[in-house]
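Notes follow the structure.
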Amino acid sequence: MPVVTVLSSFAALLLVWQVSAGLWPSRSFPAPFAVFQTFLAESASGDLPYHLGITLWRVAAAFFVAMIIGSVIGILLGSRQNLDRFFNPWVTLFLNIPALVVIVLAYIWFGLNEAAAIGAVAVNKIPNVIVTMREGARAIDPRYSEMASVYRFGALDRLRHILLPQLQPYFAAASRSGISLIWKIVLVVELLGRSNGVGFQINLFFQLFDVAAILAYTLAFVAVILLIEFTVVQPLEHASTRWRRRAA
Amino acid sequence: MPVVTVLSSFAALLLVWQVSAGLWPSRSFPAPFAVFQTFLAESASGDLPYHLGITLWRVAAAFFVAMIIGSVIGILLGSRQNLDRFFNPWVTLFLNIPALVVIVLAYIWFGLNEAAAIGAVAVNKIPNVIVTMREGARAIDPRYSEMASVYRFGALDRLRHILLPQLQPYFAAASRSGISLIWKIVLVVELLGRSNGVGFQINLFFQLFDVAAILAYTLAFVAVILLIEFTVVQPLEHASTRWRRRAA
Amino acid sequence: AERMHVGVLKFGTVSWELDTIKTHGLDEKNGVEIDIRFFASEDATNVALMAGDIDVMVSDWLWVSRQRSAGEDLTFFPYSTSVGAMMVPAASPIKSLTDLKAKKIGVAGGPLDKSWLFIQGLARDRFGIDLADENEIVYGAPPLLAEKARQGELDAVLNFWHYCARLEADGFRRLVSANEAARALGATGDVSAIGYIFHEKWARSHPEAIEGFLKASGEAKALLNRSDEEWPRLEPVVRAEGRELDVLRDRYREGIPNRTVEEEEEDAARLYTVLMRLGGERLVGPGKTLAPGTFWRVRE
Amino acid sequence: MHPHAGAAARLKVDIARKSFRASSGDALDVLRDLHFEVGENEFACILGPSGCGKTTTLRILLGLDTDYEGSFQLPGLGNGRRIGAVFQEPLLLPWRTVEQNVRQALPHGLRDRNLDSLFGSLGLKEMRNFYPGELSLGLARRAAIARAIAIDPDILLLDEPFVSLDEPTAQQLRHLLLAVWSERPTTALMVTHNLREAIMLSDRIIVLSERPAHVIGTFDIKLPRQYRSDQVKLDLLRSFNRKFPDRI
Amino acid sequence: MHPHAGAAARLKVDIARKSFRASSGDALDVLRDLHFEVGENEFACILGPSGCGKTTTLRILLGLDTDYEGSFQLPGLGNGRRIGAVFQEPLLLPWRTVEQNVRQALPHGLRDRNLDSLFGSLGLKEMRNFYPGELSLGLARRAAIARAIAIDPDILLLDEPFVSLDEPTAQQLRHLLLAVWSERPTTALMVTHNLREAIMLSDRIIVLSERPAHVIGTFDIKLPRQYRSDQVKLDLLRSFNRKFPDRI
Ligand SMILES: Nc1ncnc2c1ncn2[C@@H]1O[C@H](COP(=O)(O)OP(=O)(O)OP(=O)(O)O)[C@@H](O)[C@H]1O
Ligand SMILES: Nc1ncnc2c1ncn2[C@@H]1O[C@H](COP(=O)(O)OP(=O)(O)OP(=O)(O)O)[C@@H](O)[C@H]1O
Ligand SMILES: [Mg+2]
Ligand SMILES: [Mg+2]
């Protein structure tokens, strides 16, 4: 049943795409088949797997760095009002610094290397994680924490059984939009100072106005994300939210 | 007391900046005073207020469009599991389409105009709002909705008294990181096809490698956001979360 | 042989030349080993040079002059005189700059683009028209503007030369090129708009490398100028074929600089004052004249 | 399938079967052949072991659970009727004050009614502007009772309304409830574990079995309430205990 | 300031004053000159009007509220002691099953203990793998009692543990509690509104006044529990009512 839904979802998406490509035929909006052909060609040449692999690695690295640092800071700020009041302007500042500025400064200070690239992406994303997790920490129900302190839960138990389950929806929101934001920033980072990766390729194709190739790379990335979503995230999420009363 | 905290926060920030600018002196990392001078010069010439005003307008327009559409879709998907299962791949797809692609397609289809620009930004942001609000809708406590249906709350009352208070933290997270994401995309939109706005200016300065000017524009925007944060958002938020038991 | 790093746009015109150098081993022959770093945007090459990751990149002399006034020791060696041109569809009623009234004009490179300033200056000096005031100007990304011109949304577009060449292959014609405008504003010949840029200090400490590199570049240009056989080989790099490739080839050849550095520098200095008048300090920076040393002199 | 048909005089419950599927996978039969009736404007109490299905029954009558086999009908005129429900937990909206919680449940015509005397007799006068998190459990229960009474209900469905209250307060509230019930024609169904309370309040006591719940028997009290002296109540208690020896 | 000093034999409470500031701005005096003691391994009950400050007192003893004037001491060896607490609401973690809820509260040494007989005597055998949202309130309360008992507590602090249970079940649990309490040396303090329950279980009944709460008087029951026949209990009830005529 879920499989059928997903398949029909993809089918509908393809159909919408095909039809609208038919209605507004344009070089800048290729039909699915054209994109698929480009995908095959780019895959056969080895370009797509190579650049996609590198980009995925960067996304993954920046994602873990950003989620861990951002969650820790966010939970801290959300549970300590005085800290939050002090650092809130900082968070707002870093939240709104254009990606460009951070990336350029990172490259200039730390050189055009992987560490600078991934660090720049993480710095761009961390404030977003902070903001989301901070809301989560603020919404924590103090009664469960009280129960835990009465029953002398250890720090780890408290984290696993009290904090994380309550933060789960915020964590889910932060990671879903997080992956996508990181991917978008990685594109910029690769545009500004790397010689490989999907962002590098996409910009090249943009200069040639080869939208089919851009879409082929984009969809390859989306496919990987969807694969992870269906095989890892959803089962995990299903298990961790099983306790919620299902709607009547 | 809060005012003192905020002021000392700014002071600390300036100090950190000044010191690090002293430690790593570089044309690409100007000291606060240099940025302030540029800010004054750009303000006096009228450039900064003009471009900032236009950008703020675009940010505001895209923000409202994205928040409204995204919230409605997100709440719908979060409360209807079958809809969600069907549209989840679509959301993931749109979440991960590079800003560049959306912007270019919008410009190509709808022409190089304001509507295309704002629409493109909104389309970039909507999936993020959906993802966050969907988590919020999933986490809604069904018991309150049941109470509301027993007491025959009208649709509006249900929204105001049952849904929104529970979605408030998600809404806060989505709007905070939303504003910043939208601002960043507006920069790209202005870079790619508008002839005014902060993004247009920043690109100009980037070509001249004038980081002080870039920072001046950035900080002017951040200042506006902080002003809104302190005068509108925080009082509102304070009022709407007063019911939460304060931590001991 | 000494190693040096050159940063270029992957599908930019410079990589045609570098590809030719590598294919024919011209670098080894001249005693250097060129390591090509590909980037996806010009900004990226800027950042890379600033970050010390590459030794040589391509940009224009005005930028160099401005950076020199700001204290950087960058210097410039002519690479190509090809510049942008104002393009209109072949069937367009627009025949000269005087027809550009109440039109929608796309301009790549922004309001401070040199080509755009020259053409504006020409329109103002010769016809008394203020192009920016009397038309709707759309600044934007070069590929997007080219596409918009093809779509017909723009009445005219000022774009970088290789986009113009491709447009030409698609049936556009040149209304006026920036070089014509520059000449009308006082230049005595085609001035190299862009060139190889590097730190003076690096060049002084690596004389063999820079000399070998510039020699190799000259030889590659000569080869590309001379031989039609070279071009089909470049198809995958140029990403064009057929008529498009032919137009690109012809325009490339036209753009090979043939004057001495001294002549170039004199003209550049002349144009600098024009640009100062047109673009103001905002464009040229604090320097009143072309910064001395902007043009690199090969040791005789 | 579930014709909770319109204007019937009696409350009539005919549930053939209700079962839950727990998330652990177990199926749990909760109700089996549950049939009982409550006459027009009668006050009935339900007595049954903990976990037997009393709350589930009320939820079905409230329309909150529609996944069962069988049917029921409520007295009164279809959709116009107002149900005063007291849930087993207070279920106040934590983000609204006591007074707001009560007022928001009022039908629009009654929104502005004076609640002073109601709050006064429930001992909530000082707590009108408190948030539920600032109430003791007993006070919260009283607020929930206030909400059910304030709407001038046509039917009362009460799930253990008087637990967590000291005897004097509980007794006072029982009298208040009787006053409300007799003031307008109201059918009342109340779940309780307190036999004395049932004997004091009801016209009929419905005794349920262990899960899956069905009616073991009913105990009708024909004597009008004003004649139920302490001695009479003791006699009733004894005769109830004779009839249902396991119920203490 | 609050020397809940180490190894004392008696539970000793000396609270001069405790007041709340509600978010509405009102200050509320809750405890005033509350002094009482409970002997070593005694079982004491607290009786008092709803909203007088009983839960607040327990919260102070549990260390959950430190904002008061006065001091108290708990029996037992400082930090090593284990407090079995039953809160007024069950406070189970909704995202953990019944068994997990109980097990996670166990000290590490006892984590693997066999809980079969405990669950059996609480009637929770079938519900071990249920999530709290799938329990009836009575079952949830029993799970909370299981959690308090399972840790082999040194002190028992119980806030109305036996409400929402039918009499037979409640009676069975009272016996279970007594068994646990007498098995190891345990001091117990239990809040209840049920005088019969207090007379059955306790060595001493502490009667509190209306808010602000202080002790009106205590009622000591010297007779060992096994000699408290129904007749004795009735006599005790009468003499209690004579001593505290307002408490019914
Ligand atoms: N959502 C659910 N999923 C699975 N089982 C459920 C669910 N809701 C209730 N149950 C089970 O149904 C049975 C009856 O529950 P119900 O709440 O009706 O009991 P009750 O008679 O009100 O008990 P109490 O007096 O303790 O409140 C219980 O065994 C409970 O565990
Ligand atoms: N966080 C708080 N802020 C303000 N007032 C509070 C807060 N917590 C409790 N109170 C008030 O303190 C008083 C005592 O509350 P407490 O919970 O101790 O009562 P209780 O004796 O346990 O009553 P019950 O028998 O109803 O449970 C109540 O009037 C309550 O409104
Ligand atoms: Mg129940
Ligand atoms: Mg209490």
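Going by the structure tokens order, chains are called A, B, ..., each with residues numbered from 1, while ligands are numbered from 1 in the order shown.
A distance cut-off of 10 Å from ligand 3, applied to only C-alpha atoms and all ligand atoms, picks out the residues D:Gly48, D:Pro49, D:Ser50, D:Gly51, D:Cys52, D:Gly53, D:Lys54, D:Thr55, D:Thr56, D:Thr57, D:Leu58, D:Arg59, D:Phe87, D:Gln88, D:Glu89, D:Asp159, D:Glu160, D:Val191, D:Thr192, E:Leu135, E:Ser136, E:Leu137, E:Gly138, E:Leu139, E:Ser164, E:Leu165.
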- Message: Using only C-alpha atoms, which protein or nucleic acid residues come within 7 Å of segment 120-132 of chain B? Drop anything in the same chain fewer than 3 positions from it, and give the result as a PyMOL selection string.
- Response: (chain A and resi 173+177) or (chain B and resi 62-63+65-67+69-71+73-74+91+94-95+99+102-103+106+116-117+135-136+170+174+182+185-186)
Just-selected residues, N, CA, C and O atoms written as a short mmCIF file (atom, residue, chain, number, x, y, z; two decimals), in the first residue's frame:
data_model
loop_
_atom_site.label_atom_id
_atom_site.label_comp_id
_atom_site.auth_asym_id
_atom_site.auth_seq_id
_atom_site.Cartn_x
_atom_site.Cartn_y
_atom_site.Cartn_z
N ALA A 173 12.60 18.25 11.73
CA ALA A 173 12.45 19.44 10.89
C ALA A 173 13.81 20.03 10.56
O ALA A 173 14.10 20.37 9.41
N SER A 177 15.07 20.08 6.53
CA SER A 177 15.37 21.31 5.81
C SER A 177 16.87 21.56 5.88
O SER A 177 17.42 22.28 5.05
N ALA B 62 7.94 37.97 -0.13
CA ALA B 62 8.20 36.54 -0.28
C ALA B 62 7.93 35.82 1.03
O ALA B 62 7.41 34.70 1.04
N PHE B 63 8.27 36.47 2.14
CA PHE B 63 8.07 35.85 3.45
C PHE B 63 6.60 35.54 3.68
O PHE B 63 6.25 34.42 4.06
N VAL B 65 4.09 35.34 1.53
CA VAL B 65 3.60 34.34 0.59
C VAL B 65 4.05 32.94 1.02
O VAL B 65 3.25 32.01 1.14
N ALA B 66 5.35 32.81 1.33
CA ALA B 66 5.89 31.49 1.66
C ALA B 66 5.32 30.97 2.96
O ALA B 66 4.96 29.79 3.07
N MET B 67 5.21 31.82 3.98
CA MET B 67 4.73 31.35 5.27
C MET B 67 3.27 30.90 5.16
O MET B 67 2.89 29.87 5.72
N ILE B 69 1.38 30.00 2.40
CA ILE B 69 1.20 28.80 1.58
C ILE B 69 1.86 27.59 2.24
O ILE B 69 1.26 26.51 2.34
N GLY B 70 3.09 27.78 2.71
CA GLY B 70 3.81 26.67 3.33
C GLY B 70 3.11 26.14 4.57
O GLY B 70 3.04 24.93 4.78
N SER B 71 2.57 27.05 5.39
CA SER B 71 1.90 26.60 6.61
C SER B 71 0.66 25.80 6.27
O SER B 71 0.42 24.73 6.85
N ILE B 73 -0.09 24.11 3.54
CA ILE B 73 0.26 22.79 3.01
C ILE B 73 0.86 21.91 4.09
O ILE B 73 0.51 20.74 4.23
N GLY B 74 1.76 22.50 4.88
CA GLY B 74 2.43 21.72 5.92
C GLY B 74 1.45 21.14 6.93
O GLY B 74 1.53 19.96 7.29
N VAL B 91 7.57 17.03 -2.03
CA VAL B 91 8.17 18.00 -1.10
C VAL B 91 9.68 17.85 -1.11
O VAL B 91 10.42 18.84 -1.20
N PHE B 94 11.11 19.37 -4.29
CA PHE B 94 11.14 20.83 -4.33
C PHE B 94 12.09 21.39 -3.27
O PHE B 94 12.68 22.44 -3.46
N LEU B 95 12.21 20.65 -2.17
CA LEU B 95 13.12 21.08 -1.13
C LEU B 95 14.56 21.12 -1.64
O LEU B 95 15.35 21.96 -1.22
N ALA B 99 18.33 26.69 -5.76
CA ALA B 99 17.71 28.00 -5.93
C ALA B 99 17.91 28.50 -7.36
O ALA B 99 17.00 29.03 -7.99
N VAL B 102 15.30 27.18 -9.87
CA VAL B 102 13.98 27.80 -9.71
C VAL B 102 14.00 29.24 -10.20
O VAL B 102 13.11 29.68 -10.93
N ILE B 103 15.03 29.94 -9.82
CA ILE B 103 15.09 31.36 -10.18
C ILE B 103 15.17 31.51 -11.69
O ILE B 103 14.44 32.31 -12.30
N ALA B 106 11.91 30.65 -13.29
CA ALA B 106 10.92 31.69 -13.04
C ALA B 106 11.15 32.89 -13.96
O ALA B 106 10.23 33.42 -14.57
N ALA B 116 8.09 37.53 -10.80
CA ALA B 116 8.89 36.32 -10.98
C ALA B 116 9.92 36.20 -9.87
O ALA B 116 10.14 35.12 -9.32
N ALA B 117 10.54 37.33 -9.53
CA ALA B 117 11.58 37.30 -8.50
C ALA B 117 11.00 36.85 -7.17
O ALA B 117 11.51 35.93 -6.52
N GLU B 135 5.97 18.78 10.74
CA GLU B 135 6.36 18.17 12.01
C GLU B 135 5.49 18.70 13.13
O GLU B 135 5.07 17.96 14.02
N GLY B 136 5.22 19.99 13.09
CA GLY B 136 4.37 20.58 14.12
C GLY B 136 2.99 19.96 14.11
O GLY B 136 2.45 19.58 15.16
N TYR B 170 6.94 25.84 16.30
CA TYR B 170 7.34 25.48 14.93
C TYR B 170 7.25 26.71 14.03
O TYR B 170 8.10 26.94 13.18
N ALA B 174 10.23 28.28 12.00
CA ALA B 174 10.12 28.44 10.55
C ALA B 174 10.29 29.90 10.16
O ALA B 174 10.92 30.20 9.15
N ILE B 182 15.17 33.42 3.21
CA ILE B 182 14.58 34.24 2.15
C ILE B 182 15.51 35.38 1.79
O ILE B 182 15.73 35.69 0.61
N ILE B 185 18.16 34.06 -0.37
CA ILE B 185 17.74 33.75 -1.74
C ILE B 185 17.47 35.04 -2.50
O ILE B 185 17.76 35.14 -3.69
N VAL B 186 16.91 36.03 -1.80
CA VAL B 186 16.69 37.31 -2.47
C VAL B 186 18.01 37.85 -3.01
O VAL B 186 18.07 38.39 -4.11
#
Close residues, Glu114 of chain B itself excluded, 9 Å, only C-alpha atoms, min 5 positions apart in chain, as an mmCIF file with C-alpha atoms, in the first residue's frame:
data_model
loop_
_atom_site.group_PDB
_atom_site.id
_atom_site.type_symbol
_atom_site.label_atom_id
_atom_site.label_comp_id
_atom_site.auth_asym_id
_atom_site.auth_seq_id
_atom_site.Cartn_x
_atom_site.Cartn_y
_atom_site.Cartn_z
ATOM 1 C CA ARG B 58 11.013 41.715 -1.522
ATOM 2 C CA GLY B 119 7.607 34.030 -6.675
ATOM 3 C CA ARG B 194 17.321 42.389 -10.845
#
- Using the chain letters and numbers from this document, which residues of segment 36-180 of chain E does DSSP assign to alpha helix (DSSP H), as a PyMOL selection string? chain E and resi 54-61+98-105+116-121+137-150+167-180
- Message: Between atom CA of Glu17 of chain C and atom CA of Ala193 of chain C, what is the distance in Å, rounded to a tenth?
- Response: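 Spanning atom CA of Glu17 of chain C to atom CA of Ala193 of chain C is a straight-line distance of 16.7 Å.
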- Residues of chain A near chain C: apply a cut-off of 9 Å, count only C-alpha atoms, and supply the list as a list in words.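 Listing them in order of chain and number gives Ser28, Val104, Tyr107, Ile108, Trp109, Phe110, Gly111, Leu112, Glu190, Leu191, Leu192, Gly193, Arg194, Ser195, Asn196, Gly199, Phe200, Gln201, Ile202, Asn203, Leu204, Phe206, Gln207, Leu208 and Phe209 of chain A.
Within the 7 Å cut-off around Asp154 of chain E, using only C-alpha atoms and omitting residues fewer than 3 positions from it on the same chain, the listed residues are Arg81, Arg82, Ile83, Pro185, Thr186 and Thr187 of chain E.
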Using the selection just defined, write its residues with N, CA and C atoms as a CSV table (one decimal), in the first residue's frame.
chain,number,residue,atom,x,y,z
E,81,ARG,N,19.8,7.6,49.3
E,81,ARG,CA,18.4,7.1,49.5
E,81,ARG,C,17.6,7.2,48.2
E,82,ARG,N,16.7,6.3,48.1
E,82,ARG,CA,15.9,6.2,46.9
E,82,ARG,C,14.5,6.6,47.3
E,83,ILE,N,13.9,7.6,46.6
E,83,ILE,CA,12.6,8.0,46.8
E,83,ILE,C,11.6,7.4,45.8
E,185,PRO,N,12.7,-1.1,55.8
E,185,PRO,CA,12.4,0.1,56.6
E,185,PRO,C,12.1,1.3,55.7
E,186,THR,N,10.9,1.8,55.7
E,186,THR,CA,10.5,2.8,54.8
E,186,THR,C,9.7,3.9,55.6
E,187,THR,N,10.0,5.1,55.3
E,187,THR,CA,9.1,6.2,55.8
E,187,THR,C,8.2,6.6,54.7
- Task: Record the distance separating atom CA of Ala41 of chain B and atom CA of Phe221 of chain B, expressed in Å with one decimal.
- Result: 16.1 Å
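Between atom CA of Gly53 of chain A and atom CA of Thr38 of chain A lies a distance of 17.7 Å.
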- Message: Only residues of chain E matter here; which ones have an atom within 7 Å of chain A, counting only C-alpha atoms? Give them as a PyMOL selection string.
- Response: chain E and resi 62+64+91+94-95+105+131+133
- Query: Would you give me, as number ranges by chain, the residues in segment 33-159 of chain C that DSSP reads as strand (DSSP E)?
  - Reply: C: 33-39, 56-60, 74-80, 85-89, 104-108, 136-140, 156-159
- Message: If we count only C-alpha atoms and set the cut-off at 12 Å, which residues sit around Met127 of chain D, ignoring sequence neighbours fewer than 2 positions away in its own chain? Please answer as a PyMOL selection string.
- Response: (chain D and resi 97-101+116+119-120+122-125+129-136+139-140+142-143) or (chain E and resi 22-28+51)
- Query: Hey, what's within 9 Å of segment 47-50 of chain B if we count only C-alpha atoms and toss same-chain stuff fewer than 5 positions away? As a PyMOL selection string, please?
  - Reply: chain B and resi 39+41-42+55+196-198+201+216-217+220
- With only C-alpha atoms as the atoms that count, which of D:Arg113, D:Arg238, D:Lys222, D:Lys233 lies nearest to Ala150 of chain D? D:Arg113
